[in-house]
Number of protein chains: 2
Amino acid sequence: MTNELDIFCAVAKHGSMSRAAAELHLSQPAVSQRLRALEEQYGLQLFRRTNRGVELTPAGETLVRYAQRILQLERSLQAEMASLRAAEPKQVVIGATSAIGGYALPCTVYLFQQKYPDARIQLQIGKRCDVIQRLEDGLVDLALVEGPLVTALPDDWQVSVISEEELVLITPPTGPLAGKEAYTADDLTRLPLIIREPGSGTRMAVEEGWQAAGRDLRDLNIALELTGVDAIKTSVASGHGVALVSRWCVRAEARMGHLRIAPLTDIAFTSRWTLIVPKQGMKGAMERALLRTLRSPAERGFC
Amino acid sequence: MTNELDIFCAVAKHGSMSRAAAELHLSQPAVSQRLRALEEQYGLQLFRRTNRGVELTPAGETLVRYAQRILQLERSLQAEMASLRAAEPKQVVIGATSAIGGYALPCTVYLFQQKYPDARIQLQIGKRCDVIQRLEDGLVDLALVEGPLVTALPDDWQVSVISEEELVLITPPTGPLAGKEAYTADDLTRLPLIIREPGSGTRMAVEEGWQAAGRDLRDLNIALELTGVDAIKTSVASGHGVALVSRWCVRAEARMGHLRIAPLTDIAFTSRWTLIVPKQGMKGAMERALLRTLRSPAERGFC
DNA sequence: GGTTTTTACGGACAGCGTAATTATT
DNA sequence: AATAATTACGCTGTCCGTAAAAACC
């Protein structure tokens with residue numbers, strides 16, 4: 001959440017709630033509301049509302065001076081704490097499967113590194129079963145995998161679902177397979193489906209969603225089995241078939257027009273993203289901060 | 001909500017979460033939780049947990065220095081804003097009926113004055129109809145009355161129910177009327193009931209609750225009609241009868257043993273407390289702060 | 001066993017976004 | 001009409017309290 005003094009200073013700087021809201025990536029009403037709350041808290045009007053924005057009252061100008069000093073102090077504090085963290089650098093190894101580790105996580109790790117530049121975060125991407133194996137062997141500190149857990153782990157591991165991601169149907173942007181506006185489950189029995197190898201989380205999610213709709217797995221028209229998301233994307237883009245993948249994996253291609261994300265009308269596939277952490281480990285403040293980031297939809301900022 | 005740096009400093013000062021929690025009027029787990037959040041935010045351990053409390057780590061000691069400067073700055077800011085408020089003193093006149101104005105509101109007004117010492121708040125207590133009359137005449141800025149609104153006001157008044165208060169049965173602490181542990185609706189048809197004058201909010205609430213239980217008003221054994229809560233309390237304490245009053249009005253007497261609050265098993269009476277404000281008025285920051293205080297159960301602190 | 005902190009869980013409120021409304025030129 | 005701010009409303013996450021558990025003498 002953005003600091004109220006930050007909001008106040010931004011509005012004072014721009015002389016406009018709308019512009020301040022844009023700078024802070026907030027909605028304009030949110031800024032208006034926080035500002036009003038601040039005025040109520042002090043019992044003083046801080047801005048005069050004019051037809052083309054706002055301007056500071058004397059009370060507002062007083063607050064600006066204090067706010068700037070306080071914010072400056074907080075920035076120095078942040079810097080000093082960062083240097084203290086740097087004194088005892090921590091290494092954390094994250095194991096993840098390809099859809100998560102290759103697409104969603106890099107942004108999260110980047111953002112986290114921005115905040116904690118001294119943290120050494122290593123991202124190991126591998127097959128689902130390998131990731132879990134490495135976790136059990138203590139070679140990675142935590143794991144993020146797709147799909148449900150097949151084997152129950154001993155209970156010194158804490159397992160939590162951090163996200164339910166929708167699988168989307170991707171088709172070539174042009175050609176015979178790009179004909180329809182929207183697709184149904186029946187279409188999936190006819191279209192050549194390119195699918196991940198058995199054992200992968202995405203494969204599990206597809207099969208689970210298909211059976212949940214009361215269908216038989218043999219009705220899927222599997223044209224090709226490929227290992228890894230990238231191979232599938234390339235193959236679909238070349239017009240070899242359609243596929244079901246996590247939305248994150250194809251955002252870039254969809255925007256560029258290399259692939260088309262087609263709506264599914266009467267069936268939906270979801271993939272659960274699961275975080276696995278050893279109950280004993282991850283006790284330090286930095287480790288906890290990382291967990292918090294991964295668990296909080298707002299902070300992890302998958303991109 | 002208490003500032004996180006305040007919490008941190010209190011814990012640092014006492015070397016104990018429990019003692020800090022007591023000082024801040026918070027639960028001990030709440031302090032623990034906020035402290036952990038602070039540690040996660042900075043990615044550093046701030047306290048070493050020992051068996052008899054906590055002690056600062058080097059990072060914690062750094063934070064103490066910054067926190068004290070920031071808190072000091074905030075205190076100066078508060079002081080300066082208070083002096084700015086004092087430059088343009090505001091007078092607000094509150095009209096209220098006796099149960100609200102005489103018992104619940106004084107604490108609220110006191111707390112508000114502590115926070116805004118320059119606010120001149122005047123509390124006018126009167127009969128329900130008089131209060132509303134004075135509001136319409138503009139002689140009071142806002143009104144707090146008990147019970148529902150009989151006459152619909154024109155819609156440039158904003159009416160909101162701020163609290164549903166339970167009416168409790170009070171009996172003399174000793175004597176023939178103090179016999180039973182708990183009372184029923186049937187008992188109320190036999191006990192001598194001392195009741196407020198018609199038109200008062202409490203009277204309305206009693207009659208409404210009685211009829212809502214499917215009873216006839218004539219079955220109430222009204223022994224005496226008195227004007228004002230105090231007269232009723234005196235009369236009940238003297239053993240002349242029992243009465244139904246707002247809990248706030250008799251907290252002191254119940255604690256002292258002058259009156260007994262007796263449970264009602266099969267009937268309940270509630271009195272709605274209504275806040276009436278002119279939609280146009282109360283636009284200033286101070287006025288809004290007062291309204292916020294009156295509307296927020298946490299802040300108004302009826303006592 | 002006693003003291004202190006942590007974990008777990010449910011409820012209340014704050015802060016935000018979307019959408020609709022108001023005010024001012 | 002157009003621009004800027006406010007109000008209304010539903011949702012989500014934070015913060016807090018109670019209760020139970022765990023750590024550390």
# chains A, B, ... in the order shown; residues from 1 in each chain; ligands from 1

call {"tool": "interface_residues", "arguments": {"of": "chain B", "to": "chain A", "cutoff": "6 Å", "atoms": "only C-alpha atoms", "output": "VMD selection string"}}
result
chain B and resid 39 to 40 43 to 45 285 to 286 289

call {"tool": "closest_atom_pairs", "arguments": {"of": "chain D", "to": "chain A", "cutoff": "8 Å", "atoms": "only C-alpha atoms (C1' of nucleotides)", "output": "JSON lines"}}
result
{"residue": "D:DT3", "atom": "C1'", "partner": "A:Arg52", "partner_atom": "CA", "distance": 7.5}
{"residue": "D:DA4", "atom": "C1'", "partner": "A:Arg52", "partner_atom": "CA", "distance": 6.4}
{"residue": "D:DA5", "atom": "C1'", "partner": "A:Ser32", "partner_atom": "CA", "distance": 7.6}
{"residue": "D:DT6", "atom": "C1'", "partner": "A:Pro29", "partner_atom": "CA", "distance": 7.8}

call {"tool": "closest_residue", "arguments": {"among": "C:DC9, C:DT21, C:DG1, C:DC16", "to": "chain A", "atoms": "only C-alpha atoms (C1' of nucleotides)"}}
result
C:DC16

call {"tool": "select_by_dssp", "arguments": {"residues": "segment 32-222 of chain A", "states": "helix (DSSP H, G or I)", "output": "number ranges by chain"}}
result
A: 32-42, 58-87, 98-115, 128-136, 176-178, 185-190, 201-212, 217-219

call {"tool": "select_by_dssp", "arguments": {"residues": "segment 71-295 of chain A", "states": "strand (DSSP E or B)", "output": "VMD selection string"}}
result
chain A and resid 91 to 96 120 to 125 142 to 146 157 to 171 183 193 to 196 222 to 226 242 to 246 260 to 262 264 269 to 278

call {"tool": "interface_residues", "arguments": {"of": "chain C", "to": "chain B", "cutoff": "12 Å", "atoms": "only C-alpha atoms (C1' of nucleotides)", "output": "PDB file with all heavy atoms, in the first residue's frame"}}
result
ATOM      1  P    DG C   2       3.000 -23.588  37.745  1.00  0.00           P
ATOM      2  OP1  DG C   2       2.585 -23.356  39.142  1.00  0.00           O
ATOM      3  OP2  DG C   2       1.995 -23.966  36.724  1.00  0.00           O
ATOM      4  O5'  DG C   2       3.786 -22.309  37.235  1.00  0.00           O
ATOM      5  C5'  DG C   2       5.116 -22.076  37.690  1.00  0.00           C
ATOM      6  C4'  DG C   2       5.773 -21.069  36.771  1.00  0.00           C
ATOM      7  O4'  DG C   2       6.320 -21.752  35.620  1.00  0.00           O
ATOM      8  C3'  DG C   2       4.817 -20.006  36.218  1.00  0.00           C
ATOM      9  O3'  DG C   2       5.470 -18.754  36.233  1.00  0.00           O
ATOM     10  C2'  DG C   2       4.533 -20.471  34.801  1.00  0.00           C
ATOM     11  C1'  DG C   2       5.868 -21.132  34.434  1.00  0.00           C
ATOM     12  N9   DG C   2       5.748 -22.152  33.412  1.00  0.00           N
ATOM     13  C8   DG C   2       4.753 -23.087  33.271  1.00  0.00           C
ATOM     14  N7   DG C   2       4.939 -23.893  32.254  1.00  0.00           N
ATOM     15  C5   DG C   2       6.124 -23.453  31.684  1.00  0.00           C
ATOM     16  C6   DG C   2       6.830 -23.928  30.557  1.00  0.00           C
ATOM     17  O6   DG C   2       6.534 -24.862  29.813  1.00  0.00           O
ATOM     18  N1   DG C   2       7.994 -23.191  30.320  1.00  0.00           N
ATOM     19  C2   DG C   2       8.415 -22.137  31.090  1.00  0.00           C
ATOM     20  N2   DG C   2       9.549 -21.556  30.716  1.00  0.00           N
ATOM     21  N3   DG C   2       7.769 -21.681  32.151  1.00  0.00           N
ATOM     22  C4   DG C   2       6.632 -22.379  32.383  1.00  0.00           C
ATOM     23  P    DT C   3       4.667 -17.427  36.036  1.00  0.00           P
ATOM     24  OP1  DT C   3       4.867 -16.605  37.246  1.00  0.00           O
ATOM     25  OP2  DT C   3       3.301 -17.770  35.578  1.00  0.00           O
ATOM     26  O5'  DT C   3       5.445 -16.728  34.844  1.00  0.00           O
ATOM     27  C5'  DT C   3       6.881 -16.683  34.869  1.00  0.00           C
ATOM     28  C4'  DT C   3       7.397 -16.506  33.454  1.00  0.00           C
ATOM     29  O4'  DT C   3       7.239 -17.742  32.722  1.00  0.00           O
ATOM     30  C3'  DT C   3       6.656 -15.438  32.634  1.00  0.00           C
ATOM     31  O3'  DT C   3       7.591 -14.479  32.204  1.00  0.00           O
ATOM     32  C2'  DT C   3       6.059 -16.201  31.463  1.00  0.00           C
ATOM     33  C1'  DT C   3       6.921 -17.446  31.396  1.00  0.00           C
ATOM     34  N1   DT C   3       6.224 -18.621  30.819  1.00  0.00           N
ATOM     35  C2   DT C   3       6.795 -19.283  29.747  1.00  0.00           C
ATOM     36  O2   DT C   3       7.855 -18.936  29.249  1.00  0.00           O
ATOM     37  N3   DT C   3       6.079 -20.363  29.300  1.00  0.00           N
ATOM     38  C4   DT C   3       4.885 -20.839  29.785  1.00  0.00           C
ATOM     39  O4   DT C   3       4.342 -21.812  29.299  1.00  0.00           O
ATOM     40  C5   DT C   3       4.340 -20.102  30.894  1.00  0.00           C
ATOM     41  C7   DT C   3       3.038 -20.531  31.514  1.00  0.00           C
ATOM     42  C6   DT C   3       5.032 -19.041  31.357  1.00  0.00           C
ATOM     43  P    DT C   4       7.095 -13.125  31.507  1.00  0.00           P
ATOM     44  OP1  DT C   4       8.064 -12.087  31.872  1.00  0.00           O
ATOM     45  OP2  DT C   4       5.652 -12.964  31.770  1.00  0.00           O
ATOM     46  O5'  DT C   4       7.278 -13.442  29.960  1.00  0.00           O
ATOM     47  C5'  DT C   4       8.569 -13.805  29.462  1.00  0.00           C
ATOM     48  C4'  DT C   4       8.447 -14.262  28.028  1.00  0.00           C
ATOM     49  O4'  DT C   4       7.805 -15.554  28.000  1.00  0.00           O
ATOM     50  C3'  DT C   4       7.586 -13.347  27.148  1.00  0.00           C
ATOM     51  O3'  DT C   4       8.381 -12.792  26.130  1.00  0.00           O
ATOM     52  C2'  DT C   4       6.494 -14.244  26.591  1.00  0.00           C
ATOM     53  C1'  DT C   4       7.058 -15.640  26.818  1.00  0.00           C
ATOM     54  N1   DT C   4       6.014 -16.661  27.014  1.00  0.00           N
ATOM     55  C2   DT C   4       6.061 -17.812  26.266  1.00  0.00           C
ATOM     56  O2   DT C   4       6.934 -18.032  25.450  1.00  0.00           O
ATOM     57  N3   DT C   4       5.048 -18.697  26.515  1.00  0.00           N
ATOM     58  C4   DT C   4       4.015 -18.563  27.410  1.00  0.00           C
ATOM     59  O4   DT C   4       3.175 -19.428  27.546  1.00  0.00           O
ATOM     60  C5   DT C   4       4.021 -17.330  28.163  1.00  0.00           C
ATOM     61  C7   DT C   4       2.932 -17.064  29.171  1.00  0.00           C
ATOM     62  C6   DT C   4       5.001 -16.448  27.937  1.00  0.00           C
ATOM     63  P    DT C   5       7.755 -11.856  25.002  1.00  0.00           P
ATOM     64  OP1  DT C   5       8.774 -10.868  24.668  1.00  0.00           O
ATOM     65  OP2  DT C   5       6.408 -11.436  25.428  1.00  0.00           O
ATOM     66  O5'  DT C   5       7.609 -12.879  23.790  1.00  0.00           O
ATOM     67  C5'  DT C   5       8.748 -13.628  23.361  1.00  0.00           C
ATOM     68  C4'  DT C   5       8.322 -14.710  22.384  1.00  0.00           C
ATOM     69  O4'  DT C   5       7.368 -15.589  23.010  1.00  0.00           O
ATOM     70  C3'  DT C   5       7.656 -14.203  21.106  1.00  0.00           C
ATOM     71  O3'  DT C   5       8.328 -14.758  19.989  1.00  0.00           O
ATOM     72  C2'  DT C   5       6.219 -14.696  21.211  1.00  0.00           C
ATOM     73  C1'  DT C   5       6.375 -15.934  22.079  1.00  0.00           C
ATOM     74  N1   DT C   5       5.152 -16.298  22.820  1.00  0.00           N
ATOM     75  C2   DT C   5       4.568 -17.535  22.586  1.00  0.00           C
ATOM     76  O2   DT C   5       5.012 -18.340  21.786  1.00  0.00           O
ATOM     77  N3   DT C   5       3.437 -17.776  23.339  1.00  0.00           N
ATOM     78  C4   DT C   5       2.857 -16.944  24.262  1.00  0.00           C
ATOM     79  O4   DT C   5       1.850 -17.276  24.866  1.00  0.00           O
ATOM     80  C5   DT C   5       3.513 -15.674  24.452  1.00  0.00           C
ATOM     81  C7   DT C   5       2.964 -14.678  25.437  1.00  0.00           C
ATOM     82  C6   DT C   5       4.622 -15.412  23.732  1.00  0.00           C
ATOM     83  P    DT C   6       7.865 -14.357  18.498  1.00  0.00           P
ATOM     84  OP1  DT C   6       9.081 -14.366  17.671  1.00  0.00           O
ATOM     85  OP2  DT C   6       6.980 -13.184  18.547  1.00  0.00           O
ATOM     86  O5'  DT C   6       6.980 -15.616  18.065  1.00  0.00           O
ATOM     87  C5'  DT C   6       7.534 -16.918  18.098  1.00  0.00           C
ATOM     88  C4'  DT C   6       6.488 -17.937  17.659  1.00  0.00           C
ATOM     89  O4'  DT C   6       5.442 -18.000  18.642  1.00  0.00           O
ATOM     90  C3'  DT C   6       5.807 -17.635  16.323  1.00  0.00           C
ATOM     91  O3'  DT C   6       5.977 -18.758  15.488  1.00  0.00           O
ATOM     92  C2'  DT C   6       4.350 -17.400  16.684  1.00  0.00           C
ATOM     93  C1'  DT C   6       4.203 -18.150  17.990  1.00  0.00           C
ATOM     94  N1   DT C   6       3.184 -17.619  18.919  1.00  0.00           N
ATOM     95  C2   DT C   6       2.092 -18.387  19.253  1.00  0.00           C
ATOM     96  O2   DT C   6       1.902 -19.502  18.808  1.00  0.00           O
ATOM     97  N3   DT C   6       1.220 -17.793  20.138  1.00  0.00           N
ATOM     98  C4   DT C   6       1.334 -16.540  20.711  1.00  0.00           C
ATOM     99  O4   DT C   6       0.496 -16.119  21.486  1.00  0.00           O
ATOM    100  C5   DT C   6       2.497 -15.790  20.319  1.00  0.00           C
ATOM    101  C7   DT C   6       2.722 -14.427  20.874  1.00  0.00           C
ATOM    102  C6   DT C   6       3.360 -16.350  19.448  1.00  0.00           C
ATOM    103  P    DT C   7       5.448 -18.703  13.982  1.00  0.00           P
ATOM    104  OP1  DT C   7       6.350 -19.534  13.177  1.00  0.00           O
ATOM    105  OP2  DT C   7       5.192 -17.302  13.629  1.00  0.00           O
ATOM    106  O5'  DT C   7       4.039 -19.456  14.069  1.00  0.00           O
ATOM    107  C5'  DT C   7       3.966 -20.752  14.653  1.00  0.00           C
ATOM    108  C4'  DT C   7       2.524 -21.215  14.720  1.00  0.00           C
ATOM    109  O4'  DT C   7       1.826 -20.504  15.760  1.00  0.00           O
ATOM    110  C3'  DT C   7       1.702 -21.026  13.445  1.00  0.00           C
ATOM    111  O3'  DT C   7       1.076 -22.260  13.143  1.00  0.00           O
ATOM    112  C2'  DT C   7       0.703 -19.956  13.819  1.00  0.00           C
ATOM    113  C1'  DT C   7       0.533 -20.185  15.301  1.00  0.00           C
ATOM    114  N1   DT C   7       0.083 -19.020  16.096  1.00  0.00           N
ATOM    115  C2   DT C   7      -1.037 -19.137  16.897  1.00  0.00           C
ATOM    116  O2   DT C   7      -1.692 -20.164  16.961  1.00  0.00           O
ATOM    117  N3   DT C   7      -1.355 -18.011  17.610  1.00  0.00           N
ATOM    118  C4   DT C   7      -0.679 -16.809  17.604  1.00  0.00           C
ATOM    119  O4   DT C   7      -1.062 -15.872  18.280  1.00  0.00           O
ATOM    120  C5   DT C   7       0.476 -16.750  16.745  1.00  0.00           C
ATOM    121  C7   DT C   7       1.273 -15.481  16.671  1.00  0.00           C
ATOM    122  C6   DT C   7       0.805 -17.847  16.047  1.00  0.00           C
ATOM    123  P    DA C   8       0.296 -22.472  11.789  1.00  0.00           P
ATOM    124  OP1  DA C   8       0.573 -23.857  11.374  1.00  0.00           O
ATOM    125  OP2  DA C   8       0.637 -21.355  10.872  1.00  0.00           O
ATOM    126  O5'  DA C   8      -1.236 -22.340  12.193  1.00  0.00           O
ATOM    127  C5'  DA C   8      -1.683 -22.870  13.427  1.00  0.00           C
ATOM    128  C4'  DA C   8      -3.180 -22.618  13.608  1.00  0.00           C
ATOM    129  O4'  DA C   8      -3.376 -21.468  14.473  1.00  0.00           O
ATOM    130  C3'  DA C   8      -3.942 -22.307  12.322  1.00  0.00           C
ATOM    131  O3'  DA C   8      -5.191 -22.976  12.374  1.00  0.00           O
ATOM    132  C2'  DA C   8      -4.108 -20.804  12.359  1.00  0.00           C
ATOM    133  C1'  DA C   8      -4.259 -20.561  13.857  1.00  0.00           C
ATOM    134  N9   DA C   8      -3.886 -19.230  14.307  1.00  0.00           N
ATOM    135  C8   DA C   8      -2.795 -18.499  13.923  1.00  0.00           C
ATOM    136  N7   DA C   8      -2.693 -17.327  14.520  1.00  0.00           N
ATOM    137  C5   DA C   8      -3.802 -17.296  15.362  1.00  0.00           C
ATOM    138  C6   DA C   8      -4.274 -16.332  16.261  1.00  0.00           C
ATOM    139  N6   DA C   8      -3.652 -15.175  16.485  1.00  0.00           N
ATOM    140  N1   DA C   8      -5.404 -16.614  16.934  1.00  0.00           N
ATOM    141  C2   DA C   8      -6.022 -17.779  16.712  1.00  0.00           C
ATOM    142  N3   DA C   8      -5.670 -18.762  15.891  1.00  0.00           N
ATOM    143  C4   DA C   8      -4.538 -18.452  15.237  1.00  0.00           C
ATOM    144  P    DA C  12     -17.831  -8.894  12.857  1.00  0.00           P
ATOM    145  OP1  DA C  12     -18.837  -8.507  13.870  1.00  0.00           O
ATOM    146  OP2  DA C  12     -18.240  -9.347  11.499  1.00  0.00           O
ATOM    147  O5'  DA C  12     -16.828  -7.671  12.688  1.00  0.00           O
ATOM    148  C5'  DA C  12     -16.063  -7.235  13.813  1.00  0.00           C
ATOM    149  C4'  DA C  12     -15.172  -6.082  13.378  1.00  0.00           C
ATOM    150  O4'  DA C  12     -14.106  -6.597  12.552  1.00  0.00           O
ATOM    151  C3'  DA C  12     -15.890  -5.018  12.540  1.00  0.00           C
ATOM    152  O3'  DA C  12     -15.429  -3.740  12.949  1.00  0.00           O
ATOM    153  C2'  DA C  12     -15.481  -5.351  11.102  1.00  0.00           C
ATOM    154  C1'  DA C  12     -14.083  -5.939  11.309  1.00  0.00           C
ATOM    155  N9   DA C  12     -13.688  -6.928  10.311  1.00  0.00           N
ATOM    156  C8   DA C  12     -14.460  -7.922   9.785  1.00  0.00           C
ATOM    157  N7   DA C  12     -13.825  -8.682   8.914  1.00  0.00           N
ATOM    158  C5   DA C  12     -12.550  -8.140   8.880  1.00  0.00           C
ATOM    159  C6   DA C  12     -11.395  -8.480   8.158  1.00  0.00           C
ATOM    160  N6   DA C  12     -11.331  -9.499   7.302  1.00  0.00           N
ATOM    161  N1   DA C  12     -10.293  -7.735   8.361  1.00  0.00           N
ATOM    162  C2   DA C  12     -10.349  -6.717   9.226  1.00  0.00           C
ATOM    163  N3   DA C  12     -11.380  -6.301   9.958  1.00  0.00           N
ATOM    164  C4   DA C  12     -12.463  -7.063   9.738  1.00  0.00           C
ATOM    165  P    DC C  13     -16.099  -2.440  12.371  1.00  0.00           P
ATOM    166  OP1  DC C  13     -16.383  -1.568  13.522  1.00  0.00           O
ATOM    167  OP2  DC C  13     -17.152  -2.851  11.414  1.00  0.00           O
ATOM    168  O5'  DC C  13     -14.925  -1.773  11.538  1.00  0.00           O
ATOM    169  C5'  DC C  13     -13.614  -1.759  12.093  1.00  0.00           C
ATOM    170  C4'  DC C  13     -12.608  -1.507  10.994  1.00  0.00           C
ATOM    171  O4'  DC C  13     -12.460  -2.686  10.190  1.00  0.00           O
ATOM    172  C3'  DC C  13     -12.981  -0.370  10.036  1.00  0.00           C
ATOM    173  O3'  DC C  13     -11.893   0.528  10.007  1.00  0.00           O
ATOM    174  C2'  DC C  13     -13.211  -1.079   8.694  1.00  0.00           C
ATOM    175  C1'  DC C  13     -12.318  -2.306   8.843  1.00  0.00           C
ATOM    176  N1   DC C  13     -12.688  -3.489   8.029  1.00  0.00           N
ATOM    177  C2   DC C  13     -11.686  -4.110   7.264  1.00  0.00           C
ATOM    178  O2   DC C  13     -10.544  -3.643   7.288  1.00  0.00           O
ATOM    179  N3   DC C  13     -12.019  -5.196   6.528  1.00  0.00           N
ATOM    180  C4   DC C  13     -13.260  -5.663   6.543  1.00  0.00           C
ATOM    181  N4   DC C  13     -13.525  -6.743   5.811  1.00  0.00           N
ATOM    182  C5   DC C  13     -14.286  -5.051   7.320  1.00  0.00           C
ATOM    183  C6   DC C  13     -13.961  -3.968   8.041  1.00  0.00           C
ATOM    184  P    DA C  14     -11.959   1.862   9.155  1.00  0.00           P
ATOM    185  OP1  DA C  14     -11.643   2.993  10.040  1.00  0.00           O
ATOM    186  OP2  DA C  14     -13.201   1.869   8.353  1.00  0.00           O
ATOM    187  O5'  DA C  14     -10.725   1.668   8.184  1.00  0.00           O
ATOM    188  C5'  DA C  14      -9.533   1.071   8.691  1.00  0.00           C
ATOM    189  C4'  DA C  14      -8.541   0.867   7.566  1.00  0.00           C
ATOM    190  O4'  DA C  14      -8.927  -0.264   6.764  1.00  0.00           O
ATOM    191  C3'  DA C  14      -8.427   2.040   6.602  1.00  0.00           C
ATOM    192  O3'  DA C  14      -7.082   2.130   6.173  1.00  0.00           O
ATOM    193  C2'  DA C  14      -9.378   1.665   5.468  1.00  0.00           C
ATOM    194  C1'  DA C  14      -9.294   0.136   5.458  1.00  0.00           C
ATOM    195  N9   DA C  14     -10.556  -0.535   5.171  1.00  0.00           N
ATOM    196  C8   DA C  14     -11.786  -0.220   5.631  1.00  0.00           C
ATOM    197  N7   DA C  14     -12.738  -1.031   5.223  1.00  0.00           N
ATOM    198  C5   DA C  14     -12.064  -1.948   4.427  1.00  0.00           C
ATOM    199  C6   DA C  14     -12.495  -3.068   3.696  1.00  0.00           C
ATOM    200  N6   DA C  14     -13.765  -3.471   3.644  1.00  0.00           N
ATOM    201  N1   DA C  14     -11.564  -3.757   3.010  1.00  0.00           N
ATOM    202  C2   DA C  14     -10.297  -3.361   3.073  1.00  0.00           C
ATOM    203  N3   DA C  14      -9.767  -2.331   3.724  1.00  0.00           N
ATOM    204  C4   DA C  14     -10.716  -1.658   4.386  1.00  0.00           C
TER     205       DA C  14
END

call {"tool": "residues_around", "arguments": {"residues": "segment 218-233 of chain B", "least_positions_apart": "3", "cutoff": "7 Å", "atoms": "only C-alpha atoms (C1' of nucleotides)", "output": "number ranges by chain"}}
result
B: 98-99, 188-197, 236-237

call {"tool": "residues_around", "arguments": {"residues": "Ala252 of chain B", "least_positions_apart": "6", "cutoff": "12 Å", "atoms": "only C-alpha atoms (C1' of nucleotides)", "output": "count of residues only"}}
result
8

call {"tool": "atom_distance", "arguments": {"atom1": "atom CA of Gly301 of chain A", "atom2": "atom CA of Glu4 of chain A"}}
result
22.2 Å

call {"tool": "residues_around", "arguments": {"residues": "Arg120 of chain B", "least_positions_apart": "4", "cutoff": "8 Å", "atoms": "only C-alpha atoms (C1' of nucleotides)", "output": "NGL selection string"}}
result
:B and (89-92 or 113)

call {"tool": "write_last_selection", "arguments": {"atoms": "all heavy atoms", "output": "PDB file, in the first residue's frame"}}
result
ATOM      1  N   PRO B  89     -10.677  28.777  15.020  1.00  0.00           N
ATOM      2  CA  PRO B  89     -11.459  27.867  15.851  1.00  0.00           C
ATOM      3  C   PRO B  89     -12.858  27.665  15.280  1.00  0.00           C
ATOM      4  O   PRO B  89     -13.471  28.579  14.760  1.00  0.00           O
ATOM      5  CB  PRO B  89     -11.508  28.577  17.197  1.00  0.00           C
ATOM      6  CG  PRO B  89     -11.286  30.013  16.891  1.00  0.00           C
ATOM      7  CD  PRO B  89     -10.427  30.058  15.687  1.00  0.00           C
ATOM      8  N   LYS B  90     -13.296  26.448  15.387  1.00  0.00           N
ATOM      9  CA  LYS B  90     -14.608  26.078  14.871  1.00  0.00           C
ATOM     10  C   LYS B  90     -15.526  25.768  16.043  1.00  0.00           C
ATOM     11  O   LYS B  90     -15.124  25.122  16.991  1.00  0.00           O
ATOM     12  CB  LYS B  90     -14.489  24.817  14.016  1.00  0.00           C
ATOM     13  CG  LYS B  90     -13.562  24.946  12.835  1.00  0.00           C
ATOM     14  CD  LYS B  90     -14.308  25.426  11.623  1.00  0.00           C
ATOM     15  CE  LYS B  90     -13.369  25.520  10.433  1.00  0.00           C
ATOM     16  NZ  LYS B  90     -14.025  26.013   9.242  1.00  0.00           N
ATOM     17  N   GLN B  91     -16.749  26.197  15.920  1.00  0.00           N
ATOM     18  CA  GLN B  91     -17.729  25.825  16.925  1.00  0.00           C
ATOM     19  C   GLN B  91     -18.728  24.873  16.296  1.00  0.00           C
ATOM     20  O   GLN B  91     -19.238  25.110  15.203  1.00  0.00           O
ATOM     21  CB  GLN B  91     -18.447  27.079  17.433  1.00  0.00           C
ATOM     22  CG  GLN B  91     -19.774  26.785  18.098  1.00  0.00           C
ATOM     23  CD  GLN B  91     -19.891  27.402  19.473  1.00  0.00           C
ATOM     24  OE1 GLN B  91     -18.970  28.046  19.954  1.00  0.00           O
ATOM     25  NE2 GLN B  91     -21.015  27.217  20.113  1.00  0.00           N
ATOM     26  N   VAL B  92     -18.982  23.788  16.975  1.00  0.00           N
ATOM     27  CA  VAL B  92     -19.995  22.846  16.518  1.00  0.00           C
ATOM     28  C   VAL B  92     -20.970  22.628  17.669  1.00  0.00           C
ATOM     29  O   VAL B  92     -20.550  22.408  18.797  1.00  0.00           O
ATOM     30  CB  VAL B  92     -19.371  21.504  16.105  1.00  0.00           C
ATOM     31  CG1 VAL B  92     -20.458  20.565  15.607  1.00  0.00           C
ATOM     32  CG2 VAL B  92     -18.308  21.699  15.049  1.00  0.00           C
ATOM     33  N   GLN B 113     -12.168  16.347  21.924  1.00  0.00           N
ATOM     34  CA  GLN B 113     -11.517  17.596  22.353  1.00  0.00           C
ATOM     35  C   GLN B 113     -10.044  17.371  22.656  1.00  0.00           C
ATOM     36  O   GLN B 113      -9.212  18.252  22.439  1.00  0.00           O
ATOM     37  CB  GLN B 113     -12.207  18.139  23.613  1.00  0.00           C
ATOM     38  CG  GLN B 113     -13.636  18.572  23.403  1.00  0.00           C
ATOM     39  CD  GLN B 113     -13.757  20.066  23.156  1.00  0.00           C
ATOM     40  OE1 GLN B 113     -12.772  20.747  22.873  1.00  0.00           O
ATOM     41  NE2 GLN B 113     -14.964  20.582  23.257  1.00  0.00           N
TER      42      GLN B 113
END

call {"tool": "closest_residue", "arguments": {"among": "B:Leu244, B:Val250, B:Leu275, B:Leu56", "to": "Ala96 of chain B", "atoms": "only C-alpha atoms"}}
result
B:Leu275

call {"tool": "atom_distance", "arguments": {"atom1": "atom CA of Gln133 of chain A", "atom2": "atom CA of Phe269 of chain A"}}
result
26.8 Å
